[in-house]
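Notes follow once the structure below has been shown.
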Amino acid sequence: MSRILVTDLDGTLLGGTPDDRIRLRDALARHPEVTTVFATGRGPASIREVLRDPLVPRPRWIIADVGATVIDGTDFTPVDPVQEQLRVGWPGPDRVRAALRRFPALAYQQGVVQNGRCSYHVDPDGLTDELTGAVEALGCTWVYSADRYFDVLPPSASKGNALRALAAKLGWQREHILVAGDSLNDLSLFRLGTHAVVVAGAEPALLTALAEDPLVHRADRAGAGGIHTALRKLRWLSADRDPDPDPAPAPGSTSRPGSRHATGPHSLVVAYHRPPLHWNGDDWQPPSSPNGILPTLSSAFADGLPGVWVTALTGRDRLAPLPQPTTLPLSPVPLDTATWHGYFHRTCKETLWPVLMSEPDRSVHDERAWADYRTVNARFAEHISGQAAPGATVWLHDYNLWLVPGLLRRLRPDLRTGLFHHTPFPAPEVFDTLLVADELRRSLGCLDWAGFHTEDFAERFRRTLAGRSDPPHTAVHPLGIDRPFVEELARLRAAHLRAAHLPAAHRHPASGRLVLSVERLDYAKAPIQKVDAIDHLLSQRPELRGRLTFRLVCPPPEPGITAYDNTRRRLERCVADVNAAWRQGAWQPVDYLPRGLSAAEVIDEYLAADVLWVTSLQDGMNLTAKEFTAAQAALLTDPRSRTGPGPGVLVLSRHTGAATELGPAALLTDPRSRDDLSAVLARALDLGPAERRARMDRLSRLLGHERPADWAARIVDGIRTCTPDRTPARTPDPAAPTA
């Protein structure tokens, strides 16, 4: 049997504590037989913004504009003839505003999109008989609420009339409807003889008007909590699908009694926006690279790291059948394509990423995309909260989840929360160029622990949060690679090539010297600057013409990121121009490979290269430099593994995290200077065999042998043991406007 919940938004469905809102949303999700209908003073455009909030249940029908608009909640199309009937006799906004212009106490709500009504602010002293008489002379009706909001409506329009007409159209019975509200503009809903609940904190005038109505339940909880109580009182929520919302708190929990998050099962929750596996339609597919945070976390969990891994599932992955992927304890957060696009493609990559790369002029702020970023962070925070045991450790990863710490502080002040930044952290003056800098700073200040690849990044973070009385503990933990895996694969590939009677440098160009870059397509990697530097080098060193090849392995990112699309087009033009300028017979200087390679193919490239050329404008670490070092060093003692002038040379941007560790043995370069790029590259090509070997020997020692799984365990221990002592703050219920 269908049941209908008809609820106001502000102060009602949107009111109450976050726990109450989560509980109601989840209860409605578990009871699809309860149909949700919004009845609000908001217009459709404003309701769309509300629906970005992950705590808001999705409505099947919407009564908007204080009853002047009735639309389908799935596609926002008008429900006719219902809406048409409600607007009969409406003289139009121009006539209404002209007729009421003589009342100086009225203030038209300029910022409110209005359709089929006119909305004003007016103090109680301004609500005169003359004013209401002028409205009635227009053939209109009016509603006044919260001693402020004055809405002029078509003569038949009200929330109650709209609900009555919708119920008649859809065949709803009064005994199957529950209405919920908190202000006088909800009064017409309470006059229909249905089940009804007035939530705590409601407008006193509404309570007075309903004082003698025995059908109205007066809840002792505000907002969503009051609605949930009424649904349980009516027994519309079954006990097996909606358990007791007020269990006793678990021992050691600092959450308030009644929190659905008080008894979570996991002592450690790891959260990263990217999943470690991708569903290819038949099976889960791991990433091709053996290194990076995804393989590191996978290795850590495989080595016995306790806990759960919270990650996003988007597009087809979120709809795929989800067999348990190997032994990874994944807990997915499903996200629709549109929300993911605004969150990742727009905000992460076009608003935040340029600032992280110290390129603030490239940053573009989109308010709707920022709402998607908030939504995704809120969903992660809720999901983490539900997975975490009392006092659990939460390990977040990267800027993609920057708002989660603040949300978790309100939802679960008992948790210990750390965030590791895999990217650079910008200087405070660059961070402050973000329009949302204050919002982000408040959330980051709620961290207990913040980790970085370098001390420089950590110091920038500390300066960005300077002035806080309880700043997060900061630590520096540079990420390494799975060195044994890379070394073993390098030896296997070299042996395979020898067995096939191919030189180890089988991908080495016949022309002579090979300069290699392996990187995703990103302006921050400076691919265009490198091609320009090759052009400059060939103009300065004629003897390299026909003897030097720059191989740029540059797989494209996800489609739809405008900045990257522009970079790709510029790079392709630049490559074409340089190749056209210097081509000789079959030789051309730039070998551009716009695709991904398997791990084995990447190792082949490392072994063939005379120079690995890393020129990031900014980089958190750059594991490519470490992989190249491990592959080359694995074969140092085997003279059969290589032809040419000795081991490869690492040319490394001084703006990478890897430069802090490997800089003493690499050749450092400035990617913002064409002259420096070409000069340092020329020096690398000119190094003799002895210096090449000496540098690679030293790079190998600097690389070290720490396992990524040990790195992860060290960080988890750091978050657990370096948490400041904080007293949970009370979070007041949000204010309850009545529109």
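Numbering starts fresh at 1 for the residues of each chain in the structure tokens, the chains themselves are lettered A, B, ... in the order given, and ligands are numbered from 1 as they appear.
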Notebook entry, point to check: Which residues come within 6 Å of Thr12 of chain A, counting only C-alpha atoms, excluding same-chain residues fewer than 3 positions away, as a list of chain:residue names?
Noted result: A:Asp8, A:Leu9, A:Gly15, A:Gly181, A:Gly223
Now that the selection is made, can you save its residues with all heavy atoms as a short mmCIF file (atom, residue, chain, number, x, y, z; two decimals), in the first residue's frame?
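Saved to selection.cif:
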data_model
loop_
_atom_site.label_atom_id
_atom_site.label_comp_id
_atom_site.auth_asym_id
_atom_site.auth_seq_id
_atom_site.Cartn_x
_atom_site.Cartn_y
_atom_site.Cartn_z
N ASP A 8 7.34 20.15 3.99
CA ASP A 8 8.02 21.42 3.74
C ASP A 8 9.53 21.17 3.75
O ASP A 8 10.00 20.15 4.27
CB ASP A 8 7.62 22.41 4.84
CG ASP A 8 8.32 23.75 4.72
OD1 ASP A 8 8.40 24.27 3.60
OD2 ASP A 8 8.80 24.26 5.75
N LEU A 9 10.30 22.10 3.20
CA LEU A 9 11.76 21.95 3.18
C LEU A 9 12.42 22.70 4.33
O LEU A 9 12.76 22.13 5.35
CB LEU A 9 12.31 22.42 1.83
CG LEU A 9 11.96 21.55 0.62
CD1 LEU A 9 12.62 22.10 -0.64
CD2 LEU A 9 12.39 20.12 0.84
N GLY A 15 15.69 20.63 8.30
CA GLY A 15 16.02 20.96 9.66
C GLY A 15 16.44 19.75 10.47
O GLY A 15 16.36 18.61 10.02
N GLY A 181 5.27 20.16 8.57
CA GLY A 181 5.61 21.55 8.35
C GLY A 181 6.02 22.24 9.62
O GLY A 181 6.01 21.66 10.71
N GLY A 223 12.84 19.35 12.83
CA GLY A 223 13.13 18.99 11.45
C GLY A 223 12.94 17.53 11.12
O GLY A 223 11.91 16.91 11.42
#
At a cut-off of 8 Å, can you tabulate as a Markdown table every residue of segment 376-463 of chain A near segment 338-356 of chain A together with its closest atom pair and the distance in Å to one decimal, using only C-alpha atoms and ordering rows by chain then number?
| residue | atom | partner | partner_atom | distance |
| --- | --- | --- | --- | --- |
| A:Val376 | CA | A:Tyr343 | CA | 7.0 |
| A:Tyr399 | CA | A:Cys348 | CA | 7.8 |
| A:Asn400 | CA | A:Cys348 | CA | 6.3 |
| A:Thr423 | CA | A:Leu356 | CA | 7.0 |
| A:Pro424 | CA | A:Leu356 | CA | 5.9 |
| A:Phe425 | CA | A:Leu356 | CA | 5.8 |
| A:Pro426 | CA | A:Leu356 | CA | 5.3 |
| A:Val430 | CA | A:Val355 | CA | 6.4 |
| A:Phe431 | CA | A:Val355 | CA | 6.5 |
| A:Thr433 | CA | A:Val355 | CA | 7.9 |
| A:Leu434 | CA | A:Val355 | CA | 7.7 |
Put those residues in a file: all heavy atoms, as a PDB file, in the first residue's frame.
ATOM      1  N   VAL A 376      29.998  15.504  -3.201  1.00  0.00           N
ATOM      2  CA  VAL A 376      30.821  14.297  -3.160  1.00  0.00           C
ATOM      3  C   VAL A 376      31.545  14.193  -1.821  1.00  0.00           C
ATOM      4  O   VAL A 376      31.615  13.121  -1.212  1.00  0.00           O
ATOM      5  CB  VAL A 376      31.815  14.282  -4.336  1.00  0.00           C
ATOM      6  CG1 VAL A 376      32.807  13.135  -4.194  1.00  0.00           C
ATOM      7  CG2 VAL A 376      31.059  14.158  -5.655  1.00  0.00           C
ATOM      8  N   TYR A 399      43.728  16.315  -2.215  1.00  0.00           N
ATOM      9  CA  TYR A 399      42.893  17.509  -2.227  1.00  0.00           C
ATOM     10  C   TYR A 399      41.461  17.226  -2.646  1.00  0.00           C
ATOM     11  O   TYR A 399      40.567  18.053  -2.420  1.00  0.00           O
ATOM     12  CB  TYR A 399      43.515  18.542  -3.176  1.00  0.00           C
ATOM     13  CG  TYR A 399      43.456  18.148  -4.635  1.00  0.00           C
ATOM     14  CD1 TYR A 399      42.527  18.717  -5.484  1.00  0.00           C
ATOM     15  CD2 TYR A 399      44.335  17.192  -5.160  1.00  0.00           C
ATOM     16  CE1 TYR A 399      42.465  18.355  -6.826  1.00  0.00           C
ATOM     17  CE2 TYR A 399      44.284  16.835  -6.481  1.00  0.00           C
ATOM     18  CZ  TYR A 399      43.346  17.415  -7.313  1.00  0.00           C
ATOM     19  OH  TYR A 399      43.283  17.047  -8.641  1.00  0.00           O
ATOM     20  N   ASN A 400      41.222  16.096  -3.254  1.00  0.00           N
ATOM     21  CA  ASN A 400      39.884  15.746  -3.716  1.00  0.00           C
ATOM     22  C   ASN A 400      38.902  15.608  -2.561  1.00  0.00           C
ATOM     23  O   ASN A 400      37.694  15.662  -2.758  1.00  0.00           O
ATOM     24  CB  ASN A 400      39.931  14.441  -4.499  1.00  0.00           C
ATOM     25  CG  ASN A 400      41.063  14.424  -5.502  1.00  0.00           C
ATOM     26  OD1 ASN A 400      42.182  14.083  -5.139  1.00  0.00           O
ATOM     27  ND2 ASN A 400      40.799  14.793  -6.744  1.00  0.00           N
ATOM     28  N   THR A 423      49.940  15.646  -3.832  1.00  0.00           N
ATOM     29  CA  THR A 423      50.293  16.771  -4.694  1.00  0.00           C
ATOM     30  C   THR A 423      51.172  17.752  -3.936  1.00  0.00           C
ATOM     31  O   THR A 423      51.311  17.658  -2.712  1.00  0.00           O
ATOM     32  CB  THR A 423      49.020  17.504  -5.136  1.00  0.00           C
ATOM     33  OG1 THR A 423      48.414  18.099  -3.975  1.00  0.00           O
ATOM     34  CG2 THR A 423      48.040  16.547  -5.796  1.00  0.00           C
ATOM     35  N   PRO A 424      51.729  18.722  -4.626  1.00  0.00           N
ATOM     36  CA  PRO A 424      52.364  19.837  -3.909  1.00  0.00           C
ATOM     37  C   PRO A 424      51.304  20.592  -3.107  1.00  0.00           C
ATOM     38  O   PRO A 424      50.104  20.509  -3.397  1.00  0.00           O
ATOM     39  CB  PRO A 424      52.920  20.714  -5.034  1.00  0.00           C
ATOM     40  CG  PRO A 424      52.905  19.871  -6.259  1.00  0.00           C
ATOM     41  CD  PRO A 424      51.813  18.876  -6.089  1.00  0.00           C
ATOM     42  N   PHE A 425      51.744  21.327  -2.103  1.00  0.00           N
ATOM     43  CA  PHE A 425      50.838  22.255  -1.428  1.00  0.00           C
ATOM     44  C   PHE A 425      51.310  23.656  -1.766  1.00  0.00           C
ATOM     45  O   PHE A 425      52.494  23.966  -1.652  1.00  0.00           O
ATOM     46  CB  PHE A 425      50.828  22.041   0.081  1.00  0.00           C
ATOM     47  CG  PHE A 425      49.618  22.656   0.739  1.00  0.00           C
ATOM     48  CD1 PHE A 425      48.456  21.934   0.859  1.00  0.00           C
ATOM     49  CD2 PHE A 425      49.642  23.973   1.187  1.00  0.00           C
ATOM     50  CE1 PHE A 425      47.321  22.490   1.438  1.00  0.00           C
ATOM     51  CE2 PHE A 425      48.518  24.550   1.745  1.00  0.00           C
ATOM     52  CZ  PHE A 425      47.354  23.804   1.874  1.00  0.00           C
ATOM     53  N   PRO A 426      50.398  24.537  -2.191  1.00  0.00           N
ATOM     54  CA  PRO A 426      50.830  25.861  -2.659  1.00  0.00           C
ATOM     55  C   PRO A 426      51.185  26.794  -1.514  1.00  0.00           C
ATOM     56  O   PRO A 426      50.798  26.587  -0.363  1.00  0.00           O
ATOM     57  CB  PRO A 426      49.583  26.367  -3.410  1.00  0.00           C
ATOM     58  CG  PRO A 426      48.441  25.702  -2.712  1.00  0.00           C
ATOM     59  CD  PRO A 426      48.944  24.340  -2.321  1.00  0.00           C
ATOM     60  N   VAL A 430      49.180  31.883  -2.854  1.00  0.00           N
ATOM     61  CA  VAL A 430      48.572  31.207  -4.005  1.00  0.00           C
ATOM     62  C   VAL A 430      47.283  30.513  -3.575  1.00  0.00           C
ATOM     63  O   VAL A 430      46.258  30.585  -4.266  1.00  0.00           O
ATOM     64  CB  VAL A 430      49.565  30.202  -4.618  1.00  0.00           C
ATOM     65  CG1 VAL A 430      48.915  29.447  -5.783  1.00  0.00           C
ATOM     66  CG2 VAL A 430      50.820  30.918  -5.095  1.00  0.00           C
ATOM     67  N   PHE A 431      47.301  29.838  -2.430  1.00  0.00           N
ATOM     68  CA  PHE A 431      46.094  29.196  -1.899  1.00  0.00           C
ATOM     69  C   PHE A 431      44.965  30.213  -1.759  1.00  0.00           C
ATOM     70  O   PHE A 431      43.794  29.927  -2.061  1.00  0.00           O
ATOM     71  CB  PHE A 431      46.418  28.561  -0.544  1.00  0.00           C
ATOM     72  CG  PHE A 431      45.305  27.772   0.065  1.00  0.00           C
ATOM     73  CD1 PHE A 431      45.163  26.422  -0.200  1.00  0.00           C
ATOM     74  CD2 PHE A 431      44.395  28.373   0.921  1.00  0.00           C
ATOM     75  CE1 PHE A 431      44.136  25.687   0.362  1.00  0.00           C
ATOM     76  CE2 PHE A 431      43.362  27.651   1.498  1.00  0.00           C
ATOM     77  CZ  PHE A 431      43.229  26.298   1.205  1.00  0.00           C
ATOM     78  N   THR A 433      44.189  32.665  -3.499  1.00  0.00           N
ATOM     79  CA  THR A 433      43.539  33.096  -4.741  1.00  0.00           C
ATOM     80  C   THR A 433      42.247  32.330  -4.998  1.00  0.00           C
ATOM     81  O   THR A 433      41.424  32.762  -5.811  1.00  0.00           O
ATOM     82  CB  THR A 433      44.479  32.921  -5.952  1.00  0.00           C
ATOM     83  OG1 THR A 433      44.788  31.529  -6.126  1.00  0.00           O
ATOM     84  CG2 THR A 433      45.759  33.719  -5.770  1.00  0.00           C
ATOM     85  N   LEU A 434      42.056  31.199  -4.327  1.00  0.00           N
ATOM     86  CA  LEU A 434      40.809  30.449  -4.461  1.00  0.00           C
ATOM     87  C   LEU A 434      39.665  31.226  -3.824  1.00  0.00           C
ATOM     88  O   LEU A 434      39.776  31.701  -2.697  1.00  0.00           O
ATOM     89  CB  LEU A 434      40.928  29.080  -3.792  1.00  0.00           C
ATOM     90  CG  LEU A 434      41.811  28.046  -4.478  1.00  0.00           C
ATOM     91  CD1 LEU A 434      42.115  26.897  -3.521  1.00  0.00           C
ATOM     92  CD2 LEU A 434      41.135  27.530  -5.748  1.00  0.00           C
TER      93      LEU A 434
END
Margin query: If DSSP is run on the backbone, what residues of segment 447-674 of chain A are alpha helix (DSSP H)? A reply as a VMD selection string would be ideal.
Written below: chain A and resid 455 to 464 483 to 499 527 to 540 562 to 582 599 to 608 623 to 634 658 to 662 674
Checklist line | Distance query segment 127-140 of chain A at most 12 Å, only C-alpha atoms, self and fewer than 4 positions along chain excluded, as a PyMOL selection string | finding: chain A and resi 68+86-106+116-118+120-123+144-145+147-158
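With distances restricted to only C-alpha atoms, A:Gly16 is the closest residue to Arg221 of chain A from A:Pro484, A:Gly16, A:Pro286, A:Pro204.
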Notebook entry, point to check: Among segment 489-661 of chain A, which residues carry a DSSP assignment of strand (DSSP E or B), reported as a PyMOL selection string?
Noted result: chain A and resi 513-518+548-553+584+587+590-593+611-614+619+649-653+656
Note to self: If we count only C-alpha atoms and set the cut-off at 9 Å, which residues sit around Ser517 of chain A, ignoring sequence neighbours fewer than 2 positions away in its own chain? Please answer as a ChimeraX atom specification.
What the structure shows: /A:515,519,527,550-554,611-615,624
Please, which residues in segment 119-207 of chain A fall within 9 Å of segment 19-41 of chain A when counting only C-alpha atoms, and what is the closest atom pair and distance in Å to one decimal for each, ordered by chain then residue number, as CSV?
residue,atom,partner,partner_atom,distance
A:Asp151,CA,A:Gly41,CA,8.9
A:Lys159,CA,A:Ala39,CA,6.3
A:Gly160,CA,A:Ala39,CA,9.0
A:Ala162,CA,A:Ala39,CA,8.9
A:Leu163,CA,A:Ala39,CA,8.3
A:Gly181,CA,A:Ala39,CA,8.9
A:Asn185,CA,A:Gly41,CA,7.9
A:Asp186,CA,A:Ala39,CA,8.2
A:Leu189,CA,A:Ala39,CA,8.9
Go ahead and write the selection's residues with N, CA and C atoms as a PDB file, in the first residue's frame.
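Contents of the output file selection34.pdb:
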ATOM      1  N   ASP A 151       3.563  36.411   0.588  1.00  0.00           N
ATOM      2  CA  ASP A 151       3.461  35.873  -0.774  1.00  0.00           C
ATOM      3  C   ASP A 151       2.088  36.164  -1.347  1.00  0.00           C
ATOM      4  N   LYS A 159      -0.466  25.611  -0.754  1.00  0.00           N
ATOM      5  CA  LYS A 159       0.097  24.269  -0.645  1.00  0.00           C
ATOM      6  C   LYS A 159      -1.017  23.241  -0.467  1.00  0.00           C
ATOM      7  N   GLY A 160      -2.021  23.590   0.344  1.00  0.00           N
ATOM      8  CA  GLY A 160      -3.109  22.647   0.585  1.00  0.00           C
ATOM      9  C   GLY A 160      -3.920  22.365  -0.659  1.00  0.00           C
ATOM     10  N   ALA A 162      -2.940  22.680  -3.736  1.00  0.00           N
ATOM     11  CA  ALA A 162      -2.102  21.930  -4.673  1.00  0.00           C
ATOM     12  C   ALA A 162      -2.066  20.455  -4.300  1.00  0.00           C
ATOM     13  N   LEU A 163      -1.931  20.161  -3.003  1.00  0.00           N
ATOM     14  CA  LEU A 163      -1.913  18.763  -2.579  1.00  0.00           C
ATOM     15  C   LEU A 163      -3.266  18.103  -2.826  1.00  0.00           C
ATOM     16  N   GLY A 181       5.266  20.161   8.569  1.00  0.00           N
ATOM     17  CA  GLY A 181       5.613  21.552   8.348  1.00  0.00           C
ATOM     18  C   GLY A 181       6.020  22.245   9.623  1.00  0.00           C
ATOM     19  N   ASN A 185       2.925  29.212   6.332  1.00  0.00           N
ATOM     20  CA  ASN A 185       2.608  28.920   4.934  1.00  0.00           C
ATOM     21  C   ASN A 185       2.363  27.432   4.695  1.00  0.00           C
ATOM     22  N   ASP A 186       2.500  26.620   5.770  1.00  0.00           N
ATOM     23  CA  ASP A 186       2.122  25.206   5.705  1.00  0.00           C
ATOM     24  C   ASP A 186       0.706  24.967   6.234  1.00  0.00           C
ATOM     25  N   LEU A 189      -1.915  22.934   4.420  1.00  0.00           N
ATOM     26  CA  LEU A 189      -1.696  21.488   4.376  1.00  0.00           C
ATOM     27  C   LEU A 189      -2.388  20.797   5.552  1.00  0.00           C
TER      28      LEU A 189
END
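Between atom CA of Pro594 of chain A and atom CA of Pro555 of chain A lies a distance of 4.8 Å.
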Next item on the list: Counting only C-alpha atoms, figure out which residue out of A:Ile62, A:Leu521, A:Leu623, A:Leu192 gets nearest to Gly657 of chain A.
Entry: A:Leu623
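Using only C-alpha atoms, the smallest distance between any of A:Gly560, A:Pro589, A:Pro472, A:Gly73 and Arg513 of chain A comes from A:Pro589.
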Next item on the list: Can you work out which one of A:Glu627, A:Asp213, A:Asp610, A:Asp432 has the shortest atom-to-atom distance to Val486 of chain A, counting only C-alpha atoms?
Entry: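 The answer is A:Glu627, which sits nearest to Val486 of chain A.
Nearest residue to Ala533 of chain A, choosing from A:Gly226, A:Pro671, A:Gly171, A:Gly201 and counting only C-alpha atoms: A:Pro671.
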Check: From the set A:Pro59, A:Pro81, A:Gly620, A:Pro689, which residue has the shortest atom-to-atom contact distance to His655 of chain A, counting only C-alpha atoms?
Finding: A:Gly620
Checklist line | Leu184 of chain A surroundings by only C-alpha atoms, 8 Å radius, close-in-sequence under 3 positions cut, as number ranges by chain | finding: A: 143-146, 187, 203, 205-206
Residues of the last selection are to be written out with C-alpha atoms, as an mmCIF file, in the first residue's frame.
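Listed below is the output, selection_16.cif:
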data_model
loop_
_atom_site.group_PDB
_atom_site.id
_atom_site.type_symbol
_atom_site.label_atom_id
_atom_site.label_comp_id
_atom_site.auth_asym_id
_atom_site.auth_seq_id
_atom_site.Cartn_x
_atom_site.Cartn_y
_atom_site.Cartn_z
ATOM 1 C CA VAL A 143 0.083 34.014 2.767
ATOM 2 C CA TYR A 144 2.119 35.561 5.589
ATOM 3 C CA SER A 145 4.631 33.594 7.686
ATOM 4 C CA ALA A 146 7.476 34.002 10.184
ATOM 5 C CA LEU A 187 -1.221 25.826 7.456
ATOM 6 C CA GLU A 203 6.449 29.075 14.204
ATOM 7 C CA ALA A 205 1.506 31.236 15.143
ATOM 8 C CA LEU A 206 1.199 27.826 13.458
#
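Between atom CA of Leu335 of chain A and atom CA of Asp75 of chain A there is a distance of 18.8 Å.
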